[in-house]
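Trainee: Hey, dropping model_31.cif in here, mmCIF, C-alpha atoms:
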```cif
data_entry
loop_
_atom_site.label_atom_id
_atom_site.label_comp_id
_atom_site.auth_asym_id
_atom_site.auth_seq_id
_atom_site.Cartn_x
_atom_site.Cartn_y
_atom_site.Cartn_z
CA MET A 1 -20.58 32.58 -8.00
CA SER A 2 -17.47 34.44 -9.06
CA HIS A 3 -14.18 32.73 -9.73
CA THR A 4 -11.73 34.31 -7.37
CA PRO A 5 -8.13 33.22 -7.92
CA SER A 6 -7.89 31.85 -4.40
CA THR A 7 -10.78 29.41 -4.73
CA PRO A 8 -9.00 26.64 -6.64
CA ARG A 9 -5.93 26.73 -4.43
CA LEU A 10 -7.98 26.60 -1.25
CA SER A 11 -10.04 23.65 -2.33
CA LEU A 12 -6.90 21.89 -3.52
CA LEU A 13 -5.49 22.12 0.00
CA GLY A 14 -8.87 21.00 1.31
CA LEU A 15 -8.83 17.96 -0.95
CA SER A 16 -5.34 17.12 0.19
CA MET A 17 -6.02 17.61 3.90
CA PRO A 18 -7.42 14.12 4.64
CA VAL A 19 -4.38 12.66 2.88
CA ALA A 20 -2.07 14.88 4.95
CA MET A 21 -3.71 13.63 8.16
CA GLY A 22 -2.76 10.11 7.17
CA TYR A 23 0.53 10.67 5.36
CA ILE A 24 2.33 12.82 7.94
CA PRO A 25 1.94 10.37 10.86
CA LEU A 26 2.39 7.22 8.76
CA GLY A 27 5.35 8.75 6.97
CA ALA A 28 6.78 9.61 10.39
CA VAL A 29 6.39 6.02 11.61
CA TYR A 30 8.15 4.91 8.41
CA GLY A 31 11.05 7.31 8.86
CA PHE A 32 11.33 6.30 12.51
CA LEU A 33 11.42 2.55 11.79
CA PHE A 34 13.86 3.05 8.91
CA VAL A 35 16.37 4.91 11.09
CA GLN A 36 15.90 2.50 14.00
CA ALA A 37 16.75 -0.35 11.61
CA GLY A 38 20.12 1.29 10.98
CA GLY A 39 19.39 3.44 7.93
CA ALA A 40 20.54 7.03 7.49
CA PRO A 41 17.76 9.69 7.61
CA LEU A 42 18.76 10.85 4.12
CA LEU A 43 18.17 7.33 2.77
CA ALA A 44 14.70 7.30 4.36
CA LEU A 45 14.05 10.59 2.60
CA ALA A 46 15.40 9.22 -0.69
CA SER A 47 13.04 6.25 -0.34
CA SER A 48 9.98 8.49 0.04
CA LEU A 49 11.14 10.62 -2.88
CA ILE A 50 11.93 7.90 -5.44
CA VAL A 51 9.87 4.85 -4.37
CA TYR A 52 6.81 6.60 -2.88
CA ALA A 53 4.76 3.49 -2.12
CA GLY A 54 3.99 3.12 1.58
CA ALA A 55 3.40 -0.62 1.91
CA ALA A 56 6.42 -1.53 -0.24
CA GLN A 57 8.61 0.94 1.65
CA TYR A 58 7.60 -0.51 5.04
CA MET A 59 8.11 -4.04 3.74
CA ALA A 60 11.59 -3.22 2.45
CA ILE A 61 12.97 -1.97 5.79
CA PRO A 62 14.04 -5.38 7.14
CA MET A 63 15.07 -6.47 3.63
CA LEU A 64 17.35 -3.47 3.16
CA ALA A 65 18.77 -3.89 6.67
CA GLY A 66 19.37 -7.58 6.04
CA GLY A 67 21.03 -7.05 2.66
CA VAL A 68 18.59 -9.11 0.58
CA SER A 69 19.23 -9.54 -3.17
CA LEU A 70 17.93 -6.96 -5.64
CA GLY A 71 15.90 -9.64 -7.42
CA ALA A 72 14.07 -10.61 -4.23
CA LEU A 73 13.41 -6.96 -3.48
CA ALA A 74 12.07 -6.33 -6.99
CA LEU A 75 9.78 -9.38 -6.76
CA ALA A 76 8.47 -8.36 -3.34
CA THR A 77 7.77 -4.83 -4.62
CA LEU A 78 5.99 -6.28 -7.64
CA ILE A 79 3.73 -8.41 -5.44
CA VAL A 80 2.88 -5.71 -2.91
CA ASN A 81 2.23 -3.06 -5.58
CA LEU A 82 0.50 -5.23 -8.18
CA ARG A 83 -2.82 -3.60 -7.38
CA HIS A 84 -1.55 -0.33 -8.87
CA VAL A 85 -1.76 -1.78 -12.41
CA PHE A 86 -5.52 -1.74 -12.05
CA TYR A 87 -5.75 1.80 -10.66
CA GLY A 88 -4.70 3.51 -13.88
CA LEU A 89 -7.38 1.61 -15.82
CA SER A 90 -10.17 3.60 -14.20
CA LEU A 91 -8.42 6.93 -14.76
CA LEU A 92 -7.81 6.40 -18.48
CA HIS A 93 -10.79 8.35 -19.78
CA ARG A 94 -9.75 11.50 -17.91
CA ARG A 95 -8.22 14.47 -19.65
CA PRO A 96 -4.56 13.71 -18.96
CA PRO A 97 -1.96 16.33 -18.14
CA GLY A 98 0.69 16.74 -20.83
CA GLY A 99 4.39 15.99 -20.81
CA LEU A 100 6.27 15.59 -17.57
CA GLY A 101 3.23 16.38 -15.46
CA ARG A 102 1.47 13.33 -16.84
CA TRP A 103 4.31 11.02 -15.89
CA TYR A 104 4.67 12.59 -12.48
CA MET A 105 0.98 11.96 -11.83
CA VAL A 106 1.43 8.34 -12.89
CA PHE A 107 4.49 8.06 -10.63
CA GLY A 108 2.54 9.44 -7.68
CA LEU A 109 -0.55 7.25 -8.08
CA THR A 110 -0.65 5.88 -4.52
CA ASP A 111 -3.79 4.35 -2.99
CA GLU A 112 -4.77 7.64 -1.38
CA THR A 113 -3.98 9.87 -4.36
CA TYR A 114 -5.90 7.48 -6.60
CA SER A 115 -8.97 7.60 -4.39
CA VAL A 116 -8.89 11.41 -4.26
CA LEU A 117 -8.40 11.70 -8.04
CA THR A 118 -11.37 9.43 -8.72
CA THR A 119 -13.65 11.74 -6.70
CA LEU A 120 -12.77 14.80 -8.83
CA PRO A 121 -15.11 15.83 -11.67
CA ALA A 122 -14.03 14.61 -15.11
CA ASP A 123 -13.42 18.14 -16.44
CA THR A 124 -10.90 19.00 -13.70
CA PRO A 125 -7.98 20.91 -15.27
CA PRO A 126 -5.02 18.52 -15.71
CA GLY A 127 -2.72 20.92 -13.90
CA ARG A 128 -4.70 20.50 -10.71
CA LEU A 129 -4.36 16.71 -10.84
CA VAL A 130 -0.59 17.14 -10.96
CA LEU A 131 -0.57 19.72 -8.18
CA LEU A 132 -2.69 17.51 -5.94
CA THR A 133 -0.34 14.59 -6.57
CA LEU A 134 2.63 16.79 -5.70
CA LEU A 135 0.98 18.07 -2.52
CA ASN A 136 0.24 14.51 -1.37
CA GLN A 137 3.81 13.36 -1.88
CA GLY A 138 4.94 16.47 -0.01
CA TRP A 139 3.04 15.31 3.10
CA TRP A 140 4.57 11.85 2.87
CA VAL A 141 8.10 13.24 2.49
CA LEU A 142 7.54 15.70 5.34
CA GLY A 143 6.34 12.90 7.64
CA THR A 144 9.30 10.72 6.69
CA LEU A 145 11.72 13.54 7.51
CA LEU A 146 10.12 14.22 10.90
CA GLY A 147 10.11 10.53 11.84
CA ALA A 148 13.67 9.98 10.68
CA LEU A 149 14.95 12.92 12.73
CA LEU A 150 13.01 11.68 15.77
CA GLY A 151 14.32 8.15 15.27
CA GLN A 152 17.86 9.42 15.32
CA ARG A 153 17.44 10.84 18.79
CA ALA A 154 15.11 8.39 20.49
CA GLN A 155 16.18 5.07 21.90
CA LEU A 156 13.07 2.95 21.86
CA SER A 157 13.19 -0.76 22.62
CA LEU A 158 9.51 -1.52 22.05
CA VAL A 159 8.79 -4.76 20.22
CA GLY A 160 6.08 -4.71 17.55
CA LEU A 161 6.05 -1.21 16.05
CA ASP A 162 6.51 -2.88 12.68
CA PHE A 163 2.94 -4.17 13.06
CA ALA A 164 2.10 -0.92 11.24
CA LEU A 165 2.77 -2.75 7.96
CA ILE A 166 0.38 -5.61 8.81
CA ALA A 167 -2.18 -3.00 9.84
CA LEU A 168 -1.69 -1.21 6.51
CA PHE A 169 -2.19 -4.48 4.61
CA THR A 170 -5.34 -5.11 6.67
CA VAL A 171 -6.73 -1.65 5.88
CA LEU A 172 -6.05 -2.19 2.16
CA THR A 173 -7.74 -5.62 2.33
CA VAL A 174 -10.85 -4.15 3.96
CA GLU A 175 -11.03 -1.38 1.34
CA GLN A 176 -10.57 -3.87 -1.53
CA TRP A 177 -13.20 -6.10 0.07
CA ARG A 178 -15.67 -3.24 0.39
CA SER A 179 -15.46 -2.45 -3.32
CA ARG A 180 -15.87 -6.09 -4.44
CA SER A 181 -19.15 -7.76 -5.24
CA SER A 182 -17.84 -11.13 -4.11
CA SER A 183 -15.66 -12.14 -1.19
CA LEU A 184 -14.35 -15.20 -3.06
CA PRO A 185 -10.92 -13.57 -3.78
CA LEU A 186 -10.43 -13.02 -0.03
CA TRP A 187 -10.99 -16.68 0.85
CA TRP A 188 -9.02 -17.77 -2.18
CA GLY A 189 -6.03 -15.69 -1.07
CA LEU A 190 -6.13 -17.04 2.48
CA GLY A 191 -6.64 -20.62 1.31
CA ALA A 192 -3.87 -20.36 -1.27
CA TYR A 193 -1.37 -19.21 1.34
CA GLY A 194 -2.57 -21.88 3.80
CA LEU A 195 -2.08 -24.58 1.20
CA GLY A 196 1.34 -23.22 0.30
CA TYR A 197 2.27 -23.19 3.98
CA LEU A 198 1.26 -26.83 4.38
CA LEU A 199 3.26 -27.86 1.31
CA ALA A 200 6.41 -25.81 1.93
CA PRO A 201 6.38 -23.14 4.69
CA ASP A 202 9.41 -21.32 3.23
CA GLN A 203 7.87 -21.07 -0.24
CA ALA A 204 4.31 -20.36 0.95
CA LEU A 205 4.28 -16.81 -0.44
CA VAL A 206 5.34 -17.81 -3.96
CA ILE A 207 3.02 -20.86 -4.05
CA GLY A 208 0.14 -18.79 -2.66
CA ILE A 209 0.55 -16.04 -5.24
CA GLY A 210 0.81 -18.60 -8.03
CA LEU A 211 -2.49 -20.11 -6.89
CA CYS A 212 -4.07 -16.63 -6.74
CA VAL A 213 -3.12 -15.96 -10.35
CA LEU A 214 -4.59 -19.32 -11.35
CA GLY A 215 -7.76 -18.49 -9.40
CA GLY A 216 -8.00 -15.11 -11.09
CA LEU A 217 -7.53 -16.62 -14.55
CA HIS A 218 -10.20 -19.19 -13.76
CA ALA A 219 -12.60 -16.44 -12.65
CA ALA A 220 -11.75 -14.49 -15.83
CA ARG A 221 -12.56 -17.50 -18.03
CA GLY A 222 -15.87 -18.02 -16.24
CA LYS A 223 -16.96 -14.40 -16.44
CA ALA A 224 -15.48 -13.21 -19.69
CA PRO A 225 -18.38 -14.17 -22.02
CA GLU A 226 -20.92 -12.60 -19.69
CA GLU A 227 -18.79 -9.45 -19.43
CA ALA A 228 -18.57 -9.22 -23.20
CA ARG A 229 -22.38 -9.56 -23.40
CA MET B 1 22.94 -0.03 5.53
CA ASP B 2 25.47 0.63 2.81
CA THR B 3 24.55 3.91 1.09
CA SER B 4 25.22 3.16 -2.57
CA ARG B 5 23.74 -0.34 -2.32
CA THR B 6 20.63 0.97 -0.61
CA LEU B 7 20.22 3.72 -3.22
CA LEU B 8 20.50 1.12 -5.97
CA ALA B 9 17.88 -1.02 -4.19
CA LEU B 10 15.58 2.00 -3.83
CA ALA B 11 16.01 2.80 -7.52
CA VAL B 12 14.97 -0.77 -8.41
CA MET B 13 11.92 -0.54 -6.15
CA GLY B 14 11.04 2.84 -7.66
CA LEU B 15 11.31 1.50 -11.20
CA VAL B 16 9.12 -1.54 -10.47
CA THR B 17 6.50 0.64 -8.77
CA PHE B 18 6.52 3.21 -11.58
CA GLY B 19 6.29 0.44 -14.17
CA LEU B 20 3.18 -0.99 -12.49
CA ARG B 21 1.53 2.43 -12.21
CA ALA B 22 2.40 3.36 -15.81
CA LEU B 23 1.36 0.07 -17.46
CA PRO B 24 -2.32 0.94 -18.00
CA PHE B 25 -1.33 4.27 -19.55
CA VAL B 26 1.12 2.82 -22.07
CA ALA B 27 -0.76 -0.41 -22.80
CA ALA B 28 -4.31 0.90 -22.54
CA GLN B 29 -5.54 -0.52 -25.84
CA TRP B 30 -4.05 -3.94 -25.21
CA LEU B 31 -5.53 -4.06 -21.73
CA ALA B 32 -8.95 -2.88 -22.87
CA ARG B 33 -9.08 -5.52 -25.60
CA HIS B 34 -8.64 -8.31 -23.05
CA ARG B 35 -11.70 -8.69 -20.88
CA ALA B 36 -9.78 -11.11 -18.70
CA VAL B 37 -7.67 -8.21 -17.47
CA ALA B 38 -10.71 -6.49 -16.02
CA VAL B 39 -11.77 -9.64 -14.17
CA LEU B 40 -8.20 -10.21 -12.95
CA GLY B 41 -8.23 -6.61 -11.77
CA ARG B 42 -11.21 -7.33 -9.59
CA PHE B 43 -9.88 -10.65 -8.31
CA LEU B 44 -6.13 -10.31 -7.75
CA PRO B 45 -5.77 -7.18 -5.57
CA LEU B 46 -8.10 -8.52 -2.86
CA ALA B 47 -6.72 -12.07 -3.00
CA ILE B 48 -3.10 -10.92 -2.81
CA MET B 49 -3.73 -8.34 -0.10
CA ALA B 50 -5.50 -10.95 2.09
CA LEU B 51 -2.59 -13.30 1.44
CA LEU B 52 -0.10 -10.61 2.47
CA VAL B 53 -1.97 -10.02 5.74
CA LEU B 54 -1.73 -13.74 6.49
CA HIS B 55 1.91 -13.97 5.39
CA SER B 56 3.11 -10.99 7.40
CA GLY B 57 1.01 -12.09 10.40
CA VAL B 58 2.53 -15.58 10.31
CA GLY B 59 5.98 -14.01 10.05
CA ALA B 60 5.40 -11.73 13.04
CA ALA B 61 4.00 -14.59 15.15
CA ARG B 62 7.14 -16.70 14.76
CA GLY B 63 8.37 -17.72 18.23
CA HIS B 64 5.21 -17.02 20.22
CA THR B 65 1.51 -17.89 20.28
CA PRO B 66 -0.27 -15.80 17.63
CA TRP B 67 -2.77 -14.04 19.93
CA PRO B 68 -1.33 -10.52 19.59
CA GLU B 69 -1.40 -10.81 15.78
CA LEU B 70 -4.95 -12.20 15.71
CA VAL B 71 -6.25 -9.52 18.08
CA GLY B 72 -4.39 -6.76 16.24
CA ILE B 73 -5.58 -7.76 12.76
CA ALA B 74 -9.17 -8.28 13.91
CA LEU B 75 -9.14 -4.88 15.62
CA VAL B 76 -7.74 -3.06 12.57
CA ALA B 77 -10.23 -4.80 10.26
CA ALA B 78 -13.19 -3.92 12.52
CA LEU B 79 -12.08 -0.29 12.95
CA GLN B 80 -11.55 0.13 9.21
CA TRP B 81 -14.82 -1.56 8.31
CA TRP B 82 -16.95 0.68 10.52
CA GLY B 83 -14.77 3.75 10.92
CA ARG B 84 -13.18 4.05 7.46
CA ASN B 85 -10.31 6.13 8.88
CA ALA B 86 -7.08 4.40 7.87
CA LEU B 87 -4.92 6.42 10.27
CA VAL B 88 -7.08 5.64 13.32
CA SER B 89 -7.26 1.95 12.35
CA ILE B 90 -3.50 1.60 11.86
CA LEU B 91 -2.36 3.59 14.88
CA THR B 92 -4.89 2.04 17.29
CA GLY B 93 -4.15 -1.48 16.06
CA THR B 94 -0.40 -0.96 16.28
CA ALA B 95 -0.64 0.57 19.78
CA VAL B 96 -2.72 -2.37 21.07
CA TYR B 97 -0.34 -4.84 19.39
CA VAL B 98 2.72 -3.17 20.94
CA LEU B 99 1.01 -3.26 24.36
CA LEU B 100 0.21 -6.96 24.00
CA ARG B 101 3.73 -7.84 22.84
CA ASN B 102 5.39 -5.86 25.58
CA TYR B 103 2.94 -6.92 28.28
CA GLU B 104 5.49 -8.96 30.19
CA ALA B 105 8.07 -6.20 30.00
CA PHE B 106 5.51 -3.68 31.25
CA GLN B 107 4.53 -6.03 34.12
CA GLY B 108 8.10 -5.97 35.32
CA THR B 109 8.13 -2.20 35.62
CA PHE B 110 4.86 -1.78 37.51
#
```
Could you render the structure as C-alpha cells?
Mentor:
Amino acid sequence: MSHTPSTPRLSLLGLSMPVAMGYIPLGAVYGFLFVQAGGAPLLALASSLIVYAGAAQYMAIPMLAGGVSLGALALATLIVNLRHVFYGLSLLHRRPPGGLGRWYMVFGLTDETYSVLTTLPADTPPGRLVLLTLLNQGWWVLGTLLGALLGQRAQLSLVGLDFALIALFTVLTVEQWRSRSSSLPLWWGLGAYGLGYLLAPDQALVIGIGLCVLGGLHAARGKAPEEAR
Amino acid sequence: MDTSRTLLALAVMGLVTFGLRALPFVAAQWLARHRAVAVLGRFLPLAIMALLVLHSGVGAARGHTPWPELVGIALVAALQWWGRNALVSILTGTAVYVLLRNYEAFQGTF
C-alpha cells in the first residue's frame, strides 16, 4: 500500500462524517431554539464557538433568556459537564499535540470527539487529532448558524421542542450505562433526586447531586483496596 | 437577551467547561495517585446523568400529567439502547413528544 497524500485527509473526513450527521442537525435545533428564545443569531454562534458543549448550551437557553445569575449558570455548567473530567483520563497516554493544538484539542473534547479519538490507533500523528477536533466543531458551528438563520424567519408555536435536551441527557445516560459494569449509579442518581424532591422540591437538584457525590465516595472507599490489588 | 451580559455568561460557561476538560491533563499525576478518582469516574457520570434526566423531566412535566415525558424518555432510551444512533433517538423522541404535547392543538385543526 502506498501512502498517497490524499489518503489521510480522506479518512479524516470519513472519521468525522458520523459526527457531522449528528452535529449539523442538533446544532441547527440549538440555533433555532436559541433564536426563538429571543437571542441574536450571532450570540448563538458565539456560544457554539466559545462554550462548545451541547448539553450545557441547550440547558443555558432558558437561563440566559431569564437572566439567571452567573454563579447559578457556572454551577449548572459544572454539573452537566462534570463527566468531561473523566474523559481526559483515558486519553493521557496518547502522544499529545504540542502547544496551542494541544489546548485546542482539550477545549474541543466533547462526547462525540472523545469517542472518535479513543477509536484511533495510539500512534496517530498529533496533528490529525487536532484537525479532527477542528472539523467536528466546524459541523457544530455550521449547524448552529443554519438553525439560527432559520429561527429568525420561522414563526413556530410548537410546545415541547426543548425536549431535545432531555433526549440528549437520556442518550448520554444510556451510553454511560452501557459502559458500566454495574447499574447501581443509575438507581443511586434517581433515588437521590427522588429523596431530594421529597425533602425540598426546589433544592432537589443540589441535594440529589450531594447524595451522588457521597454515594461515589462510598463506592470508592469500598473498591479502592481491591483496585490497588 | 442583553448582548454584553450574554457574552459574559457564555465566557463563564466556556471557562468552566474548558477547566473540566483540561483538569486531567494538568493534574494527571495527582489524579492517578488517587484510586478513588477512578472509581468516582465510573460512578458519578452515570448517576448525575440519570439524575439530570429525572430533573429535566420533572421540570418539563410541571402543569400537566407526566405521560408525554415518560413516553418520550422511554422511547429515546429504547431507541438508543438498540439502535445506538444518537441523532435518530433524539429527533424521533422529540418529534413524538411534540406530537403528544400538541395533541389537543392538532385536534382542533383537523
Trainee: Go through A:Pro126, A:Gly191, A:Gly54, A:Pro185 one by one, measure the shortest atom-to-atom distance of each to A:Tyr30 using all atoms listed in the file, and give the residue with the smallest value.
Mentor: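 Of the candidates, the smallest distance to A:Tyr30 is held by A:Gly54.
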Trainee: Determine the nearest neighbour of chain A from the options B:Leu70, B:Leu8, B:Ala27, B:Val39, counting only C-alpha atoms.
Mentor: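 Looking at the shortest contact to chain A, the residue is B:Val39.
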Trainee: Given only C-alpha atoms as the basis, pick out the residue of A:Thr170, A:Ser182, A:Asn81, A:Gln57 nearest to B:Ser89.
Mentor: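 The answer is A:Thr170, which sits nearest to B:Ser89.
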Trainee: If you count only C-alpha atoms, which residues fall within 10 Å of B:Leu7, apart from same-chain ones fewer than 3 positions away, as a PyMOL selection string?
Mentor: (chain A and resi 43+46-47+50) or (chain B and resi 1-4+10-13)
Trainee: Suppose a student applies the PyMOL selection byres ((chain A and resi 19) around 10) to this structure; what residues should they get, written as a count of residues only?
Mentor: 21
Trainee: Measuring atom to atom with all atoms listed in the file, identify which of B:Arg21, B:Arg101, B:Thr94, B:Leu40 is nearest to B:Ala74.
Mentor: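 Closest to B:Ala74, using all atoms listed in the file: B:Thr94.
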Trainee: Which neighbours of stretch 41-57 of chain B fall inside 7 Å, counting all atoms listed in the file, when residues of the same chain fewer than 3 positions from it are skipped, and could you give them as an mmCIF file with C-alpha atoms, in the frame of the given file?
Mentor:
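This went into selection32.cif:
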```cif
data_model
loop_
_atom_site.group_PDB
_atom_site.id
_atom_site.type_symbol
_atom_site.label_atom_id
_atom_site.label_comp_id
_atom_site.auth_asym_id
_atom_site.auth_seq_id
_atom_site.Cartn_x
_atom_site.Cartn_y
_atom_site.Cartn_z
ATOM 1 C CA ARG A 83 -2.820 -3.600 -7.380
ATOM 2 C CA PHE A 86 -5.520 -1.740 -12.050
ATOM 3 C CA ILE A 166 0.380 -5.610 8.810
ATOM 4 C CA PHE A 169 -2.190 -4.480 4.610
ATOM 5 C CA THR A 170 -5.340 -5.110 6.670
ATOM 6 C CA LEU A 172 -6.050 -2.190 2.160
ATOM 7 C CA THR A 173 -7.740 -5.620 2.330
ATOM 8 C CA GLN A 176 -10.570 -3.870 -1.530
ATOM 9 C CA TRP A 177 -13.200 -6.100 0.070
ATOM 10 C CA PRO A 185 -10.920 -13.570 -3.780
ATOM 11 C CA LEU A 186 -10.430 -13.020 -0.030
ATOM 12 C CA TRP A 188 -9.020 -17.770 -2.180
ATOM 13 C CA GLY A 189 -6.030 -15.690 -1.070
ATOM 14 C CA LEU A 190 -6.130 -17.040 2.480
ATOM 15 C CA TYR A 193 -1.370 -19.210 1.340
ATOM 16 C CA LEU A 205 4.280 -16.810 -0.440
ATOM 17 C CA ILE A 209 0.550 -16.040 -5.240
ATOM 18 C CA CYS A 212 -4.070 -16.630 -6.740
ATOM 19 C CA VAL A 213 -3.120 -15.960 -10.350
ATOM 20 C CA GLY A 216 -8.000 -15.110 -11.090
ATOM 21 C CA VAL B 37 -7.670 -8.210 -17.470
ATOM 22 C CA ALA B 38 -10.710 -6.490 -16.020
ATOM 23 C CA ALA B 60 5.400 -11.730 13.040
ATOM 24 C CA ALA B 61 4.000 -14.590 15.150
ATOM 25 C CA GLU B 69 -1.400 -10.810 15.780
#
```
